[in-house]
Amino acid sequence: MTRAVPAVGVSIRVFDPARAGNSGSMGLSEALTVVERARALDRPAAAARTAVQRVLRNQAVKDALHGVWLGHPLHPSLAQFTLGSLVSASLLDAVGGRQRESSTLIAAGLATTVPTVAAGWADYADSHEEQQRVGIVHAALNTTAVACYSAALVTRTRGGTGRTASLTGGVLAGLGAYLGGHLSFRRGLGPNQAESVPHTASEEWQPLGPLADIPDGEPVARDAAGTAVLVVRRGEHVDVWSDRCPHLSAPLHEGELDCTTGAITCPWHGSAFRVDDGSVLHGPATAPMPGFDSRVVDGVLQARVRTFPGVPAG
């Protein structure tokens, strides 16, 4: 039902990146919108992506860095320790804390920098273009921050305080962390993109069409009361899953089905899932496919979403 809304004197301001550059009141979120739209960043971003893809050819290493074994991305987990150690050192230096404790924290943060950076680059290489534009700036800030902290330690071995370098590193690391949060929570790089399916799909049986119309050994998409689902038929056995890849929402029915291994591969970034249980075979996805129960009634395939115990669907 549509209701008529009375006209009121409300003006709507639409953000224009071209005009924002001339405004002294641009906020951080608007500045990031400019970065996301900056095509000038595409060349260095593409070069970095290509370099990472050339280095990370081993699938087992890629899966480990993505965090497939953890069930969620590895990079944020490592970054918590690395960033926490480094910024804590800057805080100690800011309030006049003892240099020994500050140096220990810097050393601890730098010790975990390599695996943290490796995991971050692995995620970066399998992301959208606007995410990579922000990501390359994120990496530049963090690289400069690490250089500052390293300089602080070197300065201290030569009798200096290294305080300025430490404080500068803290500011840059904080800005880098802000961009990392933006990538995760505003641009969706890392979170499970299919998490909402068990809450929004129908838990009532929905018709997907005659079973005879479902091709054998070929992934197809069907609609279950407004939710796109992936249907895989192998002989008389039928599996129904969300058609949205948990990584970045790619349509899984456009991917390749390997009937020998029983795996469906995402058409965008190569994530692979088992079609018998929905689990992740290979990243960058770290979350499994949401599943649907299925049955055949009078020759018609039906499906309903699998919900969490005690948690009804919307």
# chains A, B, ... in the order shown; residues from 1 in each chain; ligands from 1
>>> closest_atom_pairs(of="range 153-229 of chain A", to="range 27-45 of chain A", cutoff="10 Å", atoms="only C-alpha atoms", output="JSON lines")
{"residue": "A:Tyr178", "atom": "CA", "partner": "A:Leu28", "partner_atom": "CA", "distance": 9.5}
{"residue": "A:Leu179", "atom": "CA", "partner": "A:Leu32", "partner_atom": "CA", "distance": 8.3}
{"residue": "A:His182", "atom": "CA", "partner": "A:Leu32", "partner_atom": "CA", "distance": 8.6}
{"residue": "A:Arg186", "atom": "CA", "partner": "A:Ser29", "partner_atom": "CA", "distance": 9.8}
{"residue": "A:Arg187", "atom": "CA", "partner": "A:Glu36", "partner_atom": "CA", "distance": 9.9}
>>> write_last_selection(atoms="N, CA, C and O atoms", output="PDB file, in the first residue's frame")
ATOM      1  N   TYR A 178      41.498   3.628  10.653  1.00  0.00           N
ATOM      2  CA  TYR A 178      40.216   4.199  10.257  1.00  0.00           C
ATOM      3  C   TYR A 178      39.832   3.736   8.854  1.00  0.00           C
ATOM      4  O   TYR A 178      38.683   3.354   8.595  1.00  0.00           O
ATOM      5  N   LEU A 179      40.797   3.742   7.948  1.00  0.00           N
ATOM      6  CA  LEU A 179      40.528   3.271   6.600  1.00  0.00           C
ATOM      7  C   LEU A 179      40.220   1.775   6.582  1.00  0.00           C
ATOM      8  O   LEU A 179      39.373   1.314   5.817  1.00  0.00           O
ATOM      9  N   HIS A 182      36.715   1.387   7.629  1.00  0.00           N
ATOM     10  CA  HIS A 182      35.844   1.815   6.535  1.00  0.00           C
ATOM     11  C   HIS A 182      35.707   0.709   5.486  1.00  0.00           C
ATOM     12  O   HIS A 182      34.603   0.430   5.003  1.00  0.00           O
ATOM     13  N   ARG A 186      31.977  -0.238   5.989  1.00  0.00           N
ATOM     14  CA  ARG A 186      31.248   0.591   5.028  1.00  0.00           C
ATOM     15  C   ARG A 186      31.258  -0.063   3.650  1.00  0.00           C
ATOM     16  O   ARG A 186      30.248  -0.070   2.949  1.00  0.00           O
ATOM     17  N   ARG A 187      32.394  -0.628   3.274  1.00  0.00           N
ATOM     18  CA  ARG A 187      32.524  -1.221   1.952  1.00  0.00           C
ATOM     19  C   ARG A 187      32.439  -2.746   1.952  1.00  0.00           C
ATOM     20  O   ARG A 187      32.514  -3.373   0.907  1.00  0.00           O
TER      21      ARG A 187
END
>>> residues_around(residues="His199 in chain A", least_positions_apart="3", cutoff="6 Å", atoms="only C-alpha atoms", output="PDB file with all heavy atoms, in the first residue's frame")
ATOM      1  N   SER A 196      22.541 -12.435   6.135  1.00  0.00           N
ATOM      2  CA  SER A 196      21.138 -12.064   6.345  1.00  0.00           C
ATOM      3  C   SER A 196      20.153 -13.096   5.807  1.00  0.00           C
ATOM      4  O   SER A 196      18.974 -13.066   6.161  1.00  0.00           O
ATOM      5  CB  SER A 196      20.859 -10.712   5.679  1.00  0.00           C
ATOM      6  OG  SER A 196      21.024 -10.808   4.269  1.00  0.00           O
ATOM      7  N   ALA A 313      12.770 -16.785  10.760  1.00  0.00           N
ATOM      8  CA  ALA A 313      13.107 -15.924   9.635  1.00  0.00           C
ATOM      9  C   ALA A 313      12.148 -14.738   9.608  1.00  0.00           C
ATOM     10  O   ALA A 313      11.100 -14.746  10.244  1.00  0.00           O
ATOM     11  CB  ALA A 313      13.031 -16.703   8.328  1.00  0.00           C
ATOM     12  N   GLY A 314      12.510 -13.692   8.829  1.00  0.00           N
ATOM     13  CA  GLY A 314      11.690 -12.501   8.769  1.00  0.00           C
ATOM     14  C   GLY A 314      10.385 -12.748   8.048  1.00  0.00           C
ATOM     15  O   GLY A 314      10.238 -13.653   7.251  1.00  0.00           O
TER      16      GLY A 314
END
>>> atom_distance(atom1="CA of His282 in chain A", atom2="CA of Asn192 in chain A")
14.9 Å
>>> atom_distance(atom1="CA of Leu281 in chain A", atom2="CA of Pro215 in chain A")
24.0 Å
>>> residues_around(residues="range 224-232 of chain A", least_positions_apart="3", cutoff="6 Å", atoms="only C-alpha atoms", output="ChimeraX atom specification")
/A:201,206,219-221,238-243,253
